[in-house]
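Chemist: Input: one structure, supplied below.
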Amino acid sequence: MFNRSSLPVAITVLALFFSSCDLSETKEKSDAPFPCKDGTAMDYACDNVDLFAHVSIFELTGQSSGVYLNDIWGWTDPQTDKEYALVGLTNGMSFVDISDPENPVVVGRMPESNLNAKYKALPLDQYPACNLGLGTTARSKSITQGSSWRDVKVYDNHAFVVSDAQPHGMQVLDLTKLRDYDGSPILLEHDALYDQFGPSHNIVINEQTGFAYAAGVTQSMMCGSRDSTGLHMIDIRDPKNPTYSGCYIDTEPGFYRVAPGYIHDAQCVIYNGPDSEHQGKEICFNSAEGNVVIADVSDKENPTTIGFERQADMQYSHQGWLTEDQSYFLMNDELDERNLGRGTKTYVWDVRDLENPEFVGYYEHNTFSIDHNLYVKGNYAYETNYNSGLQILDLSDVENANLERIAYFDTQPATDASSFKGTWSNYPYFESGMVILSDIETGLFIVRPNLD
């Protein structure tokens, strides 16, 4: 027979039982509108990554067709602490307030520049731009205007935007203009246009020094023709008045596809790694088609190569990022999956001796998708691998190239084929822990990994 007098005790015992359970993690995960549960979030394959929102291309652009996504970066307003996604499009930029990640708001759009009047020696379809990836596909040919490639970085509350495959230069936009949003997307105009080059595949910024490095410049007023490309260096310490600072090129490494000395992407830092000879210098770690090339750019008028290396199977050194102790360089090879018919691999380079970088080995993924862009935050690599989406790797045993996938979010769960479709890039550096992804065909994704 049930003793009613024991009811308060039973309730207390139940309360103690539930309070002893670790519900904080469950609560933290369940505050996402689409938590990753049983391997999916909404209709997307995932593990340890929750989905907060998806912003369609129509919402980003206001156009129903002919526009696709490319690069992405982030900015946090130091005055309001609002977080923004800077979304690259084939015809410009879109700016999205993600401060309420469940309810993102498109606050502004900026059209691409047009330098055709200055660079009109060649027809648009004959510009000697990067001929890899999206630009070779039938889909890219259907784009009604603009270029498949756009790249953006941020310095001192300004966005710096370049584009490949067309005369574009470098747009500079004061991001504090986004504070003027009043309910309708702002049509933004750039505040400055650096016009000393036409197409540029990428823009690299060292926020420690206030210098920008245009990579893959194939038509330059200062550095010469496409056979004299490498890094076009720009002083942006006065953001609205960027000035030319110098060029870096070295054709000695060889194994180039686009042009001798061509650099596809880079990471430039004030070096504080283990090689004492170079500490305190401004060093660029360059993904240069067939090589990893390390250069000292401290003296912009006389930059020098420190060291370079390649690996025999490497097909195209696309992009890479240093571990936070600057001992290892993780690199993606954009063509090995297609050219060699093999699975996705992340290259690991030991760069503790800058003059003699050494290949450590591969991390082999369980997919066949093409790896595109990766960034390192803390002890994790955030990789964007086209049809496999966001892949997050634990770097605890990076010295042995023994990485471990601990989380992922796949924006194209139907396939991991080695085609240039799916997720172009990601930005993992928001203090909120949100990560933003740009999917070429479907739009912006706002997700949050659950790593700790």
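Naming works like this for the structure tokens: A, B, ... for the chains as they're shown, residue 1 at the start of each chain, ligands 1 onward in shown order.
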Mind checking which residues fall within 8 Å of Glu59 in chain A, counting only C-alpha atoms, ignoring those fewer than 4 positions away in the same chain, and posting them as JSON, numbers by chain?
Modeler: {"A": [55, 63, 106]}
Chemist: Quick one: everything within 6 Å of Gly443 in chain A, counting only C-alpha atoms, minus sequence neighbours fewer than 5 positions away in the same chain. Send it as a VMD selection string.
Modeler: chain A and resid 55 to 57 438
Chemist: Could the residues in this selection be written to a file with N, CA and C atoms, as an mmCIF file, in the first residue's frame?
Modeler:
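So again_22.cif came out as:
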data_model
loop_
_atom_site.group_PDB
_atom_site.id
_atom_site.type_symbol
_atom_site.label_atom_id
_atom_site.label_comp_id
_atom_site.auth_asym_id
_atom_site.auth_seq_id
_atom_site.Cartn_x
_atom_site.Cartn_y
_atom_site.Cartn_z
ATOM 1 N N VAL A 55 20.177 30.605 -44.943
ATOM 2 C CA VAL A 55 19.733 31.776 -45.683
ATOM 3 C C VAL A 55 19.895 31.457 -47.168
ATOM 4 N N SER A 56 18.807 31.479 -47.900
ATOM 5 C CA SER A 56 18.823 31.073 -49.307
ATOM 6 C C SER A 56 19.523 32.116 -50.181
ATOM 7 N N ILE A 57 19.881 31.709 -51.379
ATOM 8 C CA ILE A 57 20.501 32.639 -52.322
ATOM 9 C C ILE A 57 19.542 33.774 -52.663
ATOM 10 N N SER A 438 29.497 28.787 -46.589
ATOM 11 C CA SER A 438 28.921 29.221 -47.861
ATOM 12 C C SER A 438 28.805 28.025 -48.795
#
Chemist: Measuring between only C-alpha atoms, which one of A:Arg448, A:Arg352, A:Lys177, A:Lys37 shows the shortest distance to Tyr271 in chain A?
Modeler: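 Between A:Arg448, A:Arg352, A:Lys177, A:Lys37, the residue approaching Tyr271 in chain A most closely is A:Arg352.
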Chemist: What is the distance, in Å and to one decimal place, between CA of Phe255 in chain A and CA of Asp296 in chain A?
Modeler: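 About the pair CA of Phe255 in chain A and CA of Asp296 in chain A: they are 21.1 Å apart.
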Chemist: As a ChimeraX atom specification, please: the residues near Pro33 in chain A (cut-off 9 Å, only C-alpha atoms, same-chain neighbours under 6 positions excluded).
Modeler: /A:50-53,102
Chemist: Please produce an output containing C-alpha atoms for each residue in the selection, written as a PDB file, in the first residue's frame.
Modeler:
ATOM      1  CA  ASP A  50      23.862  21.915 -34.713  1.00  0.00           C
ATOM      2  CA  LEU A  51      22.081  23.960 -37.370  1.00  0.00           C
ATOM      3  CA  PHE A  52      20.721  27.376 -36.434  1.00  0.00           C
ATOM      4  CA  ALA A  53      19.670  28.845 -39.777  1.00  0.00           C
ATOM      5  CA  GLU A 102      18.150  31.651 -35.425  1.00  0.00           C
TER       6      GLU A 102
END
Chemist: For Ala212 in chain A, find every residue with an atom within 8 Å (counting only C-alpha atoms), except residues of its own chain fewer than 4 positions away, and show them as a VMD selection string.
Modeler: chain A and resid 203 to 206 233 to 236
Chemist: Among range 155-203 of chain A, which residues carry a DSSP assignment of helix (DSSP H, G or I), reported as a list in words?
Modeler: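 Put together, the selection reads Leu175, Thr176, Lys177, Leu178, Arg179 and Asp180 of chain A.
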Chemist: Tell me which of A:Arg405, A:Arg338, A:His278, A:His232 sits closest to Ala266 in chain A, counting only C-alpha atoms.
Modeler: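 Using only C-alpha atoms, the shortest distance to Ala266 in chain A belongs to A:His232.
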Chemist: In terms of the shortest atom-to-atom distance over only C-alpha atoms, which of A:Val292, A:Ala215, A:Val67, A:Ala401 is closest to Ile440 in chain A?
Modeler: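 Under the stated criterion, the closest residue is A:Val67.
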Chemist: Between A:Val152, A:Leu395, A:Leu390, A:Leu115, which residue has the minimum interatomic distance to Ile436 in chain A, considering only C-alpha atoms?
Modeler: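 The answer is A:Leu390, which sits nearest to Ile436 in chain A.
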Chemist: Tell me which protein, DNA and RNA residues are within 8 Å of His372 in chain A, counting only C-alpha atoms, leaving out same-chain ones fewer than 6 positions away, and put them as a list of chain:residue names.
Modeler: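 Using only C-alpha atoms, the neighbours found are A:His318, A:Gln319, A:Asn332, A:Asp333, A:Glu334, A:Glu383, A:Thr384, A:Asn385, A:Tyr386, A:Trp424, A:Ser425.
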Chemist: For a quick check of understanding, using only C-alpha atoms, which of A:Thr90, A:Asn291, A:Asn400, A:Gln326 has the smallest distance to Val376 in chain A?
Modeler: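 When distances to Val376 in chain A are compared using only C-alpha atoms, the smallest one comes from A:Gln326.
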Chemist: When you look at Gly39 in chain A with a cut-off of 12 Å (counting only C-alpha atoms), what residues show up, excluding the ones that are within fewer than 6 positions of it in the same chain? I need them as a VMD selection string.
Modeler: chain A and resid 45 to 50 407 to 410 413
Chemist: Deliver the residues from the most recent selection as a file, using N, CA and C atoms, as an mmCIF file, in the first residue's frame.
Modeler:
data_model
loop_
_atom_site.group_PDB
_atom_site.id
_atom_site.type_symbol
_atom_site.label_atom_id
_atom_site.label_comp_id
_atom_site.auth_asym_id
_atom_site.auth_seq_id
_atom_site.Cartn_x
_atom_site.Cartn_y
_atom_site.Cartn_z
ATOM 1 N N ALA A 45 23.200 15.766 -43.035
ATOM 2 C CA ALA A 45 23.995 14.829 -42.259
ATOM 3 C C ALA A 45 24.942 15.589 -41.344
ATOM 4 N N CYS A 46 25.131 15.100 -40.129
ATOM 5 C CA CYS A 46 25.951 15.838 -39.163
ATOM 6 C C CYS A 46 26.449 14.932 -38.057
ATOM 7 N N ASP A 47 27.380 15.457 -37.306
ATOM 8 C CA ASP A 47 27.829 14.852 -36.064
ATOM 9 C C ASP A 47 28.412 15.968 -35.211
ATOM 10 N N ASN A 48 27.833 16.186 -34.049
ATOM 11 C CA ASN A 48 28.310 17.204 -33.091
ATOM 12 C C ASN A 48 28.280 18.630 -33.658
ATOM 13 N N VAL A 49 27.435 18.887 -34.633
ATOM 14 C CA VAL A 49 27.269 20.240 -35.166
ATOM 15 C C VAL A 49 25.770 20.506 -35.320
ATOM 16 N N ASP A 50 25.273 21.552 -34.653
ATOM 17 C CA ASP A 50 23.862 21.915 -34.713
ATOM 18 C C ASP A 50 23.637 23.002 -35.760
ATOM 19 N N ALA A 407 33.742 16.051 -35.664
ATOM 20 C CA ALA A 407 32.465 16.686 -35.947
ATOM 21 C C ALA A 407 32.391 17.000 -37.441
ATOM 22 N N TYR A 408 31.161 17.090 -37.951
ATOM 23 C CA TYR A 408 30.995 17.502 -39.339
ATOM 24 C C TYR A 408 29.566 17.982 -39.562
ATOM 25 N N PHE A 409 29.405 18.747 -40.646
ATOM 26 C CA PHE A 409 28.077 19.161 -41.106
ATOM 27 C C PHE A 409 28.124 19.178 -42.620
ATOM 28 N N ASP A 410 27.268 18.379 -43.241
ATOM 29 C CA ASP A 410 27.322 18.167 -44.684
ATOM 30 C C ASP A 410 26.147 18.875 -45.357
ATOM 31 N N PRO A 413 24.337 16.210 -48.483
ATOM 32 C CA PRO A 413 24.411 14.833 -47.968
ATOM 33 C C PRO A 413 24.175 13.753 -49.012
#
Chemist: Using the chain letters and numbers from this document, which residues of range 226-443 of chain A does DSSP assign to strand (DSSP E), as a PyMOL selection string?
Modeler: chain A and resi 231-235+243-248+265-270+282-288+291-296+304-309+317-322+328-333+345-350+358-364+373-377+380-384+390-397+402-410+423-427+435-439+443
Chemist: As a PyMOL selection string, please: the residues near Ala414 in chain A (cut-off 10 Å, only C-alpha atoms, same-chain neighbours under 2 positions excluded).
Modeler: chain A and resi 44-45+387-388+410-412+416-417
Chemist: Could you take the residues named above and write them with C-alpha atoms, as a CSV table (one decimal), in the first residue's frame?
Modeler:
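Resulting contents of again-v5.csv:
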chain,number,residue,atom,x,y,z
A,44,TYR,CA,21.5,17.5,-43.4
A,45,ALA,CA,24.0,14.8,-42.3
A,387,ASN,CA,30.5,17.9,-51.3
A,388,SER,CA,31.4,16.8,-47.8
A,410,ASP,CA,27.3,18.2,-44.7
A,411,THR,CA,25.4,20.7,-46.8
A,412,GLN,CA,25.2,18.1,-49.7
A,416,ASP,CA,30.6,13.2,-51.6
A,417,ALA,CA,31.7,13.0,-55.3
Chemist: May I ask for the distance between CA of Gly169 in chain A and CA of Tyr194 in chain A, given in Å to one decimal place?
Modeler: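 Calculated distance between CA of Gly169 in chain A and CA of Tyr194 in chain A is 5.6 Å.
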Chemist: Would you mind reading off the distance between CA of Gln391 in chain A and CA of Cys268 in chain A, one decimal, in Å?
Modeler: 23.7 Å
Chemist: Counting only C-alpha atoms, figure out which residue out of A:Pro111, A:Gly273, A:Pro167, A:Gly66 gets nearest to Asp350 in chain A.
Modeler: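 Using only C-alpha atoms, the shortest distance to Asp350 in chain A belongs to A:Gly273.
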